[in-house]
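Enquirer: Contents of run-v4.tsv (TSV, C-alpha atoms):
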chain	number	residue	atom	x	y	z
A	567	MET	CA	106.18	42.40	185.89
A	568	ALA	CA	103.19	41.79	188.19
A	569	PRO	CA	102.69	44.42	190.93
A	570	ASN	CA	103.81	43.49	194.41
A	571	PRO	CA	100.62	42.71	196.40
A	572	ASN	CA	102.31	43.85	199.63
A	573	ARG	CA	103.05	47.36	198.39
A	574	ARG	CA	101.46	50.24	200.29
A	575	ILE	CA	101.78	52.66	197.39
A	576	ASP	CA	101.26	52.55	193.64
A	577	ILE	CA	103.74	54.64	191.66
A	578	GLU	CA	103.23	56.50	188.43
A	579	ASP	CA	105.63	58.91	186.74
A	580	MET	CA	103.71	61.83	185.22
A	581	ASN	CA	106.13	63.99	183.24
A	582	GLY	CA	108.80	63.79	185.93
A	583	VAL	CA	106.43	64.08	188.88
A	584	ILE	CA	106.04	60.89	190.89
A	585	VAL	CA	102.41	60.26	191.83
A	586	ALA	CA	102.24	57.82	194.72
A	587	THR	CA	98.73	56.55	195.41
A	588	LEU	CA	98.33	55.28	198.95
A	589	LEU	CA	96.65	51.89	198.61
A	590	GLU	CA	95.52	51.18	202.18
A	591	LYS	CA	92.01	52.22	203.24
A	592	LYS	CA	93.04	52.31	206.90
A	593	ILE	CA	96.53	53.56	207.73
A	594	LEU	CA	96.39	52.66	211.40
A	595	ASP	CA	98.47	49.69	212.44
A	596	GLU	CA	102.14	50.01	213.16
A	597	PRO	CA	103.63	47.45	210.71
A	598	ASN	CA	101.57	48.99	207.92
A	599	ILE	CA	102.68	52.50	208.80
A	600	GLU	CA	106.34	51.43	209.04
A	601	SER	CA	106.12	49.78	205.61
A	602	LEU	CA	104.44	52.84	204.15
A	603	GLY	CA	107.19	55.03	205.59
A	604	ARG	CA	109.92	52.80	204.11
A	605	GLU	CA	108.33	52.87	200.66
A	606	LEU	CA	107.83	56.63	200.70
A	607	PHE	CA	111.30	57.40	202.05
A	608	ALA	CA	112.88	55.17	199.38
A	609	LEU	CA	111.45	57.45	196.69
A	610	VAL	CA	113.72	60.21	198.00
A	611	ASP	CA	116.62	58.34	199.61
A	612	THR	CA	117.09	55.56	197.04
A	613	GLU	CA	115.48	56.78	193.84
A	614	GLY	CA	116.42	60.43	194.27
A	615	ARG	CA	112.94	61.72	193.41
A	616	ARG	CA	112.34	65.40	194.15
A	617	LYS	CA	108.81	66.04	192.81
A	618	ILE	CA	106.24	63.94	194.59
A	619	VAL	CA	102.44	63.89	194.81
A	620	LEU	CA	100.72	61.68	197.35
A	621	ASP	CA	97.21	60.72	196.23
A	622	PHE	CA	94.88	59.96	199.16
A	623	HIS	CA	91.69	59.09	197.28
A	624	LEU	CA	91.58	55.54	198.71
A	625	VAL	CA	92.37	56.50	202.32
A	626	GLU	CA	89.50	56.51	204.82
A	627	TYR	CA	91.37	56.40	208.16
A	628	LEU	CA	94.70	57.78	209.27
A	629	SER	CA	96.34	57.78	212.71
A	630	SER	CA	98.75	60.29	214.21
A	631	ALA	CA	101.59	57.79	213.63
A	632	ALA	CA	100.85	57.99	209.91
A	633	LEU	CA	100.91	61.78	210.12
A	634	GLY	CA	104.39	61.43	211.60
A	635	LYS	CA	105.59	59.57	208.49
A	636	LEU	CA	104.12	62.27	206.25
A	637	ILE	CA	105.96	64.98	208.18
A	638	THR	CA	109.25	63.06	207.99
A	639	MET	CA	108.67	62.55	204.26
A	640	HIS	CA	107.93	66.24	203.81
A	641	LYS	CA	111.19	67.11	205.57
A	642	LYS	CA	113.17	64.68	203.44
A	643	VAL	CA	111.76	66.09	200.23
A	644	THR	CA	112.20	69.75	201.15
A	645	THR	CA	115.68	69.18	202.62
A	646	SER	CA	116.75	67.65	199.32
A	647	GLY	CA	115.45	70.71	197.46
A	648	GLY	CA	112.27	69.05	196.24
A	649	ARG	CA	108.56	69.56	196.67
A	650	MET	CA	105.68	67.37	197.81
A	651	ALA	CA	101.92	67.85	197.50
A	652	LEU	CA	99.01	65.79	198.82
A	653	CYS	CA	95.72	65.49	196.93
A	654	ASN	CA	92.23	63.95	196.92
A	655	ILE	CA	91.95	63.92	200.71
A	656	GLN	CA	88.55	62.87	202.02
A	657	LYS	CA	86.67	65.31	204.28
A	658	ASP	CA	87.21	63.37	207.55
A	659	ILE	CA	90.94	63.06	206.89
A	660	LEU	CA	91.15	66.72	205.91
A	661	ASP	CA	89.72	67.57	209.34
A	662	VAL	CA	92.59	65.66	210.94
A	663	PHE	CA	95.11	67.77	209.00
A	664	LYS	CA	93.29	70.94	210.06
A	665	ILE	CA	93.03	69.99	213.76
A	666	THR	CA	96.75	69.27	213.87
A	667	ARG	CA	97.45	72.42	211.80
A	668	LEU	CA	99.44	70.32	209.36
A	669	ASP	CA	97.40	71.93	206.59
A	670	LYS	CA	99.70	74.92	207.20
A	671	VAL	CA	102.85	72.83	206.83
A	672	LEU	CA	101.99	70.44	204.03
A	673	THR	CA	100.71	71.38	200.57
A	674	LEU	CA	97.14	70.03	200.36
A	675	CYS	CA	95.40	70.08	196.98
A	676	THR	CA	91.83	69.30	196.00
A	677	SER	CA	92.66	67.19	192.94
A	678	LEU	CA	95.53	65.49	191.16
A	679	ASP	CA	95.50	68.19	188.47
A	680	ASP	CA	95.70	70.85	191.18
A	681	ALA	CA	98.66	69.01	192.77
A	682	LEU	CA	100.47	68.59	189.45
A	683	SER	CA	100.08	72.31	188.77
A	684	LYS	CA	102.32	73.01	191.80
A	685	PHE	CA	105.39	71.70	189.96
B	651	MET	CA	66.17	48.57	219.88
B	652	VAL	CA	69.54	47.02	220.81
B	653	SER	CA	70.08	46.63	224.57
B	654	PRO	CA	73.07	48.40	226.17
B	655	VAL	CA	76.27	46.39	226.00
B	656	HIS	CA	79.11	46.16	228.53
B	657	LEU	CA	82.32	44.59	227.35
B	658	GLU	CA	85.68	44.01	229.06
B	659	THR	CA	88.85	42.70	227.55
B	660	THR	CA	92.51	42.49	228.48
B	661	ILE	CA	95.21	42.49	225.82
B	662	PRO	CA	99.01	42.07	225.85
B	663	SER	CA	101.23	45.06	225.00
B	664	ASP	CA	101.03	44.38	221.29
B	665	THR	CA	99.61	46.90	218.80
B	666	ALA	CA	98.15	44.12	216.61
B	667	GLU	CA	96.09	43.03	219.62
B	668	GLY	CA	95.16	46.67	220.16
B	669	LEU	CA	93.92	46.92	216.61
B	670	ALA	CA	91.83	43.74	217.03
B	671	ALA	CA	90.24	45.16	220.20
B	672	GLN	CA	89.59	48.41	218.37
B	673	GLU	CA	87.82	46.54	215.54
B	674	LYS	CA	85.63	44.75	218.08
B	675	LEU	CA	84.57	48.06	219.64
B	676	VAL	CA	83.95	49.70	216.27
B	677	SER	CA	81.74	46.78	215.22
B	678	LEU	CA	79.68	47.44	218.35
B	679	MET	CA	79.14	51.03	217.21
B	680	GLU	CA	78.02	49.74	213.83
B	681	ARG	CA	75.58	47.36	215.53
B	682	PHE	CA	74.09	50.39	217.32
B	683	GLU	CA	73.99	52.20	213.96
B	684	TYR	CA	76.15	55.14	214.95
B	685	SER	CA	76.92	57.53	212.09
B	686	GLY	CA	80.04	57.28	209.96
B	687	ARG	CA	81.24	60.50	211.57
B	688	ASP	CA	80.88	59.02	215.06
B	689	VAL	CA	82.62	55.81	214.00
B	690	PHE	CA	85.49	57.77	212.42
B	691	ALA	CA	85.91	59.83	215.60
B	692	MET	CA	85.85	56.85	217.91
B	693	ARG	CA	88.08	54.66	215.74
B	694	LEU	CA	90.69	57.40	215.61
B	695	SER	CA	90.46	57.98	219.38
B	696	LEU	CA	90.64	54.26	220.17
B	697	GLU	CA	93.69	53.89	217.96
B	698	GLU	CA	95.44	56.79	219.69
B	699	GLY	CA	94.39	55.82	223.23
B	700	ILE	CA	95.14	52.11	223.00
B	701	THR	CA	98.42	52.63	221.12
B	702	ASN	CA	99.53	55.20	223.70
B	703	ALA	CA	98.80	52.70	226.50
B	704	ILE	CA	100.85	49.99	224.77
B	705	ARG	CA	103.71	52.18	223.53
B	706	HIS	CA	104.13	54.96	226.08
B	707	GLY	CA	102.40	53.34	229.07
B	708	ASN	CA	103.54	49.72	229.08
B	709	LYS	CA	106.47	50.41	226.72
B	710	PHE	CA	105.65	47.16	224.88
B	711	ALA	CA	106.60	45.16	228.02
B	712	ALA	CA	105.67	41.51	227.53
B	713	GLY	CA	104.60	41.10	231.15
B	714	LYS	CA	102.22	44.06	231.14
B	715	VAL	CA	98.67	44.21	229.87
B	716	VAL	CA	96.16	46.83	228.79
B	717	SER	CA	92.63	46.54	230.18
B	718	ILE	CA	89.78	47.91	228.11
B	719	SER	CA	86.19	48.27	229.21
B	720	CYS	CA	83.37	49.59	227.07
B	721	ASP	CA	79.79	50.65	227.70
B	722	ILE	CA	77.61	51.48	224.75
B	723	ASP	CA	73.95	52.29	224.31
B	724	GLN	CA	71.83	54.32	221.92
B	725	ASN	CA	73.16	57.62	223.27
B	726	ARG	CA	76.87	57.28	223.88
B	727	MET	CA	79.96	55.09	223.89
B	728	ARG	CA	82.28	55.13	226.86
B	729	VAL	CA	85.63	53.34	226.80
B	730	VAL	CA	88.14	53.10	229.66
B	731	VAL	CA	91.72	52.06	228.85
B	732	ARG	CA	94.13	51.18	231.66
B	733	ASP	CA	97.81	50.44	231.34
B	734	GLN	CA	100.42	49.25	233.86
B	735	GLY	CA	103.08	51.85	233.14
B	736	ASP	CA	104.59	54.67	235.18
B	737	GLY	CA	101.91	57.16	234.18
B	738	PHE	CA	102.40	60.69	232.88
B	739	GLU	CA	101.16	64.22	233.40
B	740	PRO	CA	98.93	65.23	230.46
B	741	ALA	CA	99.63	68.92	231.15
B	742	ASP	CA	103.32	68.25	230.39
B	743	VAL	CA	102.59	67.12	226.84
B	744	PRO	CA	103.62	70.02	224.55
B	745	ASP	CA	101.12	71.58	222.18
B	746	PRO	CA	101.90	69.90	218.83
B	747	THR	CA	100.30	72.79	216.91
B	748	SER	CA	102.80	75.32	218.30
B	749	ASP	CA	105.49	76.57	215.91
B	750	GLU	CA	108.13	74.86	218.03
B	751	PHE	CA	106.59	71.38	217.78
B	752	ILE	CA	104.53	71.50	214.58
B	753	GLU	CA	107.11	69.54	212.57
B	754	ARG	CA	107.69	66.85	215.17
B	755	PRO	CA	106.70	63.43	213.82
B	756	SER	CA	104.91	62.41	217.05
B	757	GLY	CA	102.86	63.81	219.93
B	758	ARG	CA	99.46	64.42	218.28
B	759	GLY	CA	97.41	61.60	219.79
B	760	LEU	CA	96.15	63.52	222.83
B	761	LEU	CA	95.25	66.54	220.69
B	762	LEU	CA	93.20	64.37	218.34
B	763	MET	CA	91.38	62.55	221.15
B	764	ARG	CA	90.46	65.87	222.77
B	765	ALA	CA	89.19	67.17	219.42
B	766	TYR	CA	86.98	64.16	218.67
B	767	LEU	CA	85.71	63.12	222.11
B	768	ASP	CA	83.00	64.74	224.21
B	769	HIS	CA	84.89	63.61	227.27
B	770	CYS	CA	88.60	62.74	227.37
B	771	GLU	CA	90.24	62.46	230.76
B	772	TYR	CA	93.31	60.81	232.21
B	773	ARG	CA	93.12	59.53	235.80
B	774	ASP	CA	95.37	57.52	238.11
B	775	GLY	CA	98.47	59.56	237.21
B	776	GLY	CA	97.93	59.05	233.48
B	777	ARG	CA	97.46	55.27	233.63
B	778	CYS	CA	93.70	55.35	233.08
B	779	LEU	CA	92.09	57.01	230.05
B	780	ILE	CA	88.35	57.69	229.89
B	781	MET	CA	86.90	58.31	226.44
B	782	GLU	CA	83.29	59.22	225.67
B	783	ARG	CA	81.57	60.12	222.45
B	784	GLU	CA	77.88	61.10	222.28
B	785	ARG	CA	75.75	59.89	219.38
B	786	ASN	CA	75.74	62.51	216.59
B	787	SER	CA	78.26	64.67	218.43
B	788	LEU	CA	79.17	67.82	216.50
B	789	LEU	CA	82.85	67.37	217.32
B	790	PRO	CA	85.39	68.09	216.01
B	791	THR	CA	84.93	71.85	215.90
B	792	LEU	CA	87.13	73.51	213.31
B	793	ASN	CA	88.10	77.14	213.50
B	794	ASP	CA	87.85	77.91	209.80
Translate the structure of the given file into structure tokens.
Expert:
Amino acid sequence: MAPNPNRRIDIEDMNGVIVATLLEKKILDEPNIESLGRELFALVDTEGRRKIVLDFHLVEYLSSAALGKLITMHKKVTTSGGRMALCNIQKDILDVFKITRLDKVLTLCTSLDDALSKF
Amino acid sequence: MVSPVHLETTIPSDTAEGLAAQEKLVSLMERFEYSGRDVFAMRLSLEEGITNAIRHGNKFAAGKVVSISCDIDQNRMRVVVRDQGDGFEPADVPDPTSDEFIERPSGRGLLLMRAYLDHCEYRDGGRCLIMERERNSLLPTLND
């Protein structure tokens, strides 16, 4: 089946760990962020996934509203007994996580291999 | 050398319009050949400032507008964003990095603007936001 061109994430199952690659370069506008949130939340709420890696290698911009979705996602995953890690975060975006101190809340990894090793 | 530019625009309380205005201002920075770091900082700040004006200021009211003015030259970019809402007291916004609020999904916009801008000030009871970024600013400063 052809991939949905409107999807905000690309999903791959790697030995039971779901790797969701965020496809948007700029996660800024509200409809985009809402759609991203829906797709991420469905991994937990609908598909029952508990081991999730979010791959940020394509992401160049991120607003505080997008951070909000990541925090809600983190809560959903941990509340359901699962674990979530983020990887391949570009330097500018990493600064945003550090300024907001979310690097202390979320699991940030340098590479996909590093993230997969957390599970 | 590119001559200084002054630009004014008024947009409805619609985040898509806010994003379009933001793109226009960012393209000005690119015309003045600001660094990628400066563009990142200003784009993030514009997104937070304009979205706050639309969402928290005007509360998406169809009859209210957001006015944006911009002055840019070789040395700095200054943007003023005005909304038609009830205003707010910036000092009342809780610190989103505190243990109590760290896991809240919202409330980080002001923190980010203050981190990335050389000058970030609310006037007129919170209805007018002044944002300035110097060329090649060293901000943000990280503690680690």
Enquirer: Within 12 Å of stretch 602-610 of chain A, counting all atoms listed in the file, which residues qualify if same-chain residues fewer than 6 places away don't, as JSON, numbers by chain?
Expert: {"A": [572, 573, 574, 575, 576, 577, 578, 579, 583, 584, 585, 586, 587, 588, 589, 590, 592, 593, 594, 595, 596, 616, 617, 618, 619, 620, 631, 632, 633, 634, 635, 636, 637, 638, 639, 640, 641, 642, 643, 644, 645, 646, 647, 648, 649, 650], "B": [755]}
Enquirer: Have a look at atom CA of A:Lys591 and atom CA of A:His623 and let me know their distance in Å, one decimal.
Expert: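 That distance, rounded to one decimal, is 9.1 Å.
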Enquirer: For a quick test of understanding: name the residues of chain B lying within 8 Å of chain A when counting all atoms listed in the file, and present them as a list in words.
Expert: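 Applying the cut-off to the listed atoms yields Thr665, Ala666, Leu669, Arg687, Phe690, Leu694, Glu697, Glu698, Pro746, Thr747, Ile752, Glu753, Arg754, Pro755, Ser756, Gly757, Arg758, Gly759, Leu761, Leu762, Ala765, Pro790 and Leu792 of chain B.
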Enquirer: Atom CA of B:Ser685 and atom CA of B:Arg726 are how many Å apart?
Expert: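 Spanning atom CA of B:Ser685 to atom CA of B:Arg726 is a straight-line distance of 11.8 Å.
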Enquirer: What is the distance between atom CA of B:Glu680 and atom CA of A:Asn598, in Å to one decimal?
Expert: 24.3 Å
Enquirer: Neighbours of B:Ile718 within 7 Å (all atoms listed in the file; same-chain residues fewer than 4 positions away dropped), as a list in words?
Expert: Glu658, Thr659, Thr660, Val729, Val730, Val731 and Arg732 of chain B
Enquirer: Create the file for the chosen residues now, containing C-alpha atoms and written as an mmCIF file, in the coordinates of the input.
Expert:
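And here is the file that came out, out.cif:
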data_model
loop_
_atom_site.group_PDB
_atom_site.id
_atom_site.type_symbol
_atom_site.label_atom_id
_atom_site.label_comp_id
_atom_site.auth_asym_id
_atom_site.auth_seq_id
_atom_site.Cartn_x
_atom_site.Cartn_y
_atom_site.Cartn_z
ATOM 1 C CA GLU B 658 85.680 44.010 229.060
ATOM 2 C CA THR B 659 88.850 42.700 227.550
ATOM 3 C CA THR B 660 92.510 42.490 228.480
ATOM 4 C CA VAL B 729 85.630 53.340 226.800
ATOM 5 C CA VAL B 730 88.140 53.100 229.660
ATOM 6 C CA VAL B 731 91.720 52.060 228.850
ATOM 7 C CA ARG B 732 94.130 51.180 231.660
#
Enquirer: Quick one: of B:Asn793, B:Gln734, B:Asn786, B:Ser719, who's nearest to B:Val655, counting only C-alpha atoms?
Expert: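 Looking only at the distances to B:Val655, the closest residue turns out to be B:Ser719.
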Enquirer: Find the residue from B:Phe682, B:Val743, B:Leu675, B:Gly737 that sits nearest to B:Pro654; use all atoms listed in the file when measuring.
Expert: B:Phe682
Enquirer: Missing atoms in stretch 668-679 of chain A: can you complete it with all heavy atoms, as an mmCIF file, in the frame of the given file?
Expert:
data_model
loop_
_atom_site.group_PDB
_atom_site.id
_atom_site.type_symbol
_atom_site.label_atom_id
_atom_site.label_comp_id
_atom_site.auth_asym_id
_atom_site.auth_seq_id
_atom_site.Cartn_x
_atom_site.Cartn_y
_atom_site.Cartn_z
ATOM 1 N N LEU A 668 98.485 70.753 210.381
ATOM 2 C CA LEU A 668 99.440 70.320 209.360
ATOM 3 C C LEU A 668 99.029 70.815 207.972
ATOM 4 O O LEU A 668 99.818 70.749 207.031
ATOM 5 C CB LEU A 668 99.592 68.792 209.374
ATOM 6 C CG LEU A 668 100.310 68.280 210.616
ATOM 7 C CD1 LEU A 668 100.341 66.756 210.631
ATOM 8 C CD2 LEU A 668 101.739 68.829 210.685
ATOM 9 N N ASP A 669 97.798 71.323 207.869
ATOM 10 C CA ASP A 669 97.400 71.930 206.590
ATOM 11 C C ASP A 669 98.203 73.198 206.319
ATOM 12 O O ASP A 669 98.242 73.678 205.183
ATOM 13 C CB ASP A 669 95.881 72.236 206.578
ATOM 14 C CG ASP A 669 95.462 73.188 207.682
ATOM 15 O OD1 ASP A 669 96.032 73.119 208.790
ATOM 16 O OD2 ASP A 669 94.564 74.010 207.437
ATOM 17 N N LYS A 670 98.853 73.733 207.375
ATOM 18 C CA LYS A 670 99.700 74.920 207.200
ATOM 19 C C LYS A 670 101.134 74.549 206.842
ATOM 20 O O LYS A 670 101.915 75.396 206.416
ATOM 21 C CB LYS A 670 99.722 75.776 208.479
ATOM 22 C CG LYS A 670 98.351 76.103 209.051
ATOM 23 C CD LYS A 670 97.553 76.989 208.125
ATOM 24 C CE LYS A 670 96.204 77.353 208.742
ATOM 25 N NZ LYS A 670 95.229 77.757 207.704
ATOM 26 N N VAL A 671 101.481 73.285 207.078
ATOM 27 C CA VAL A 671 102.850 72.830 206.830
ATOM 28 C C VAL A 671 102.957 72.106 205.490
ATOM 29 O O VAL A 671 103.884 72.329 204.714
ATOM 30 C CB VAL A 671 103.312 71.882 207.973
ATOM 31 C CG1 VAL A 671 104.705 71.323 207.695
ATOM 32 C CG2 VAL A 671 103.284 72.607 209.315
ATOM 33 N N LEU A 672 101.973 71.235 205.250
ATOM 34 C CA LEU A 672 101.990 70.440 204.030
ATOM 35 C C LEU A 672 101.175 71.133 202.942
ATOM 36 O O LEU A 672 100.288 71.942 203.239
ATOM 37 C CB LEU A 672 101.376 69.055 204.318
ATOM 38 C CG LEU A 672 102.039 68.268 205.457
ATOM 39 C CD1 LEU A 672 101.189 67.054 205.833
ATOM 40 C CD2 LEU A 672 103.436 67.818 205.049
ATOM 41 N N THR A 673 101.471 70.814 201.688
ATOM 42 C CA THR A 673 100.710 71.380 200.570
ATOM 43 C C THR A 673 99.548 70.449 200.250
ATOM 44 O O THR A 673 99.757 69.343 199.737
ATOM 45 C CB THR A 673 101.623 71.550 199.332
ATOM 46 O OG1 THR A 673 102.750 72.352 199.709
ATOM 47 C CG2 THR A 673 100.883 72.210 198.189
ATOM 48 N N LEU A 674 98.321 70.865 200.582
ATOM 49 C CA LEU A 674 97.140 70.030 200.360
ATOM 50 C C LEU A 674 96.376 70.552 199.147
ATOM 51 O O LEU A 674 96.056 71.740 199.082
ATOM 52 C CB LEU A 674 96.228 70.053 201.593
ATOM 53 C CG LEU A 674 96.886 69.734 202.956
ATOM 54 C CD1 LEU A 674 95.822 69.680 204.050
ATOM 55 C CD2 LEU A 674 97.671 68.432 202.898
ATOM 56 N N CYS A 675 96.074 69.673 198.216
ATOM 57 C CA CYS A 675 95.400 70.080 196.980
ATOM 58 C C CYS A 675 94.094 69.306 196.814
ATOM 59 O O CYS A 675 93.968 68.168 197.267
ATOM 60 C CB CYS A 675 96.306 69.804 195.784
ATOM 61 S SG CYS A 675 97.903 70.622 195.915
ATOM 62 N N THR A 676 93.146 69.933 196.132
ATOM 63 C CA THR A 676 91.830 69.300 196.000
ATOM 64 C C THR A 676 91.845 68.132 195.022
ATOM 65 O O THR A 676 91.126 67.157 195.210
ATOM 66 C CB THR A 676 90.782 70.332 195.541
ATOM 67 O OG1 THR A 676 91.285 70.981 194.377
ATOM 68 C CG2 THR A 676 90.507 71.362 196.622
ATOM 69 N N SER A 677 92.658 68.235 193.973
ATOM 70 C CA SER A 677 92.660 67.190 192.940
ATOM 71 C C SER A 677 94.080 66.900 192.483
ATOM 72 O O SER A 677 95.005 67.655 192.787
ATOM 73 C CB SER A 677 91.838 67.665 191.743
ATOM 74 O OG SER A 677 92.495 68.784 191.164
ATOM 75 N N LEU A 678 94.205 65.830 191.705
ATOM 76 C CA LEU A 678 95.530 65.490 191.160
ATOM 77 C C LEU A 678 96.015 66.586 190.216
ATOM 78 O O LEU A 678 97.182 66.969 190.254
ATOM 79 C CB LEU A 678 95.441 64.132 190.437
ATOM 80 C CG LEU A 678 96.729 63.633 189.769
ATOM 81 C CD1 LEU A 678 97.878 63.547 190.770
ATOM 82 C CD2 LEU A 678 96.496 62.281 189.111
ATOM 83 N N ASP A 679 95.113 67.105 189.394
ATOM 84 C CA ASP A 679 95.500 68.190 188.470
ATOM 85 C C ASP A 679 96.014 69.402 189.252
ATOM 86 O O ASP A 679 97.003 70.026 188.870
ATOM 87 C CB ASP A 679 94.296 68.609 187.608
ATOM 88 C CG ASP A 679 94.046 67.605 186.491
ATOM 89 O OD1 ASP A 679 94.936 66.771 186.251
ATOM 90 O OD2 ASP A 679 92.957 67.657 185.902
#
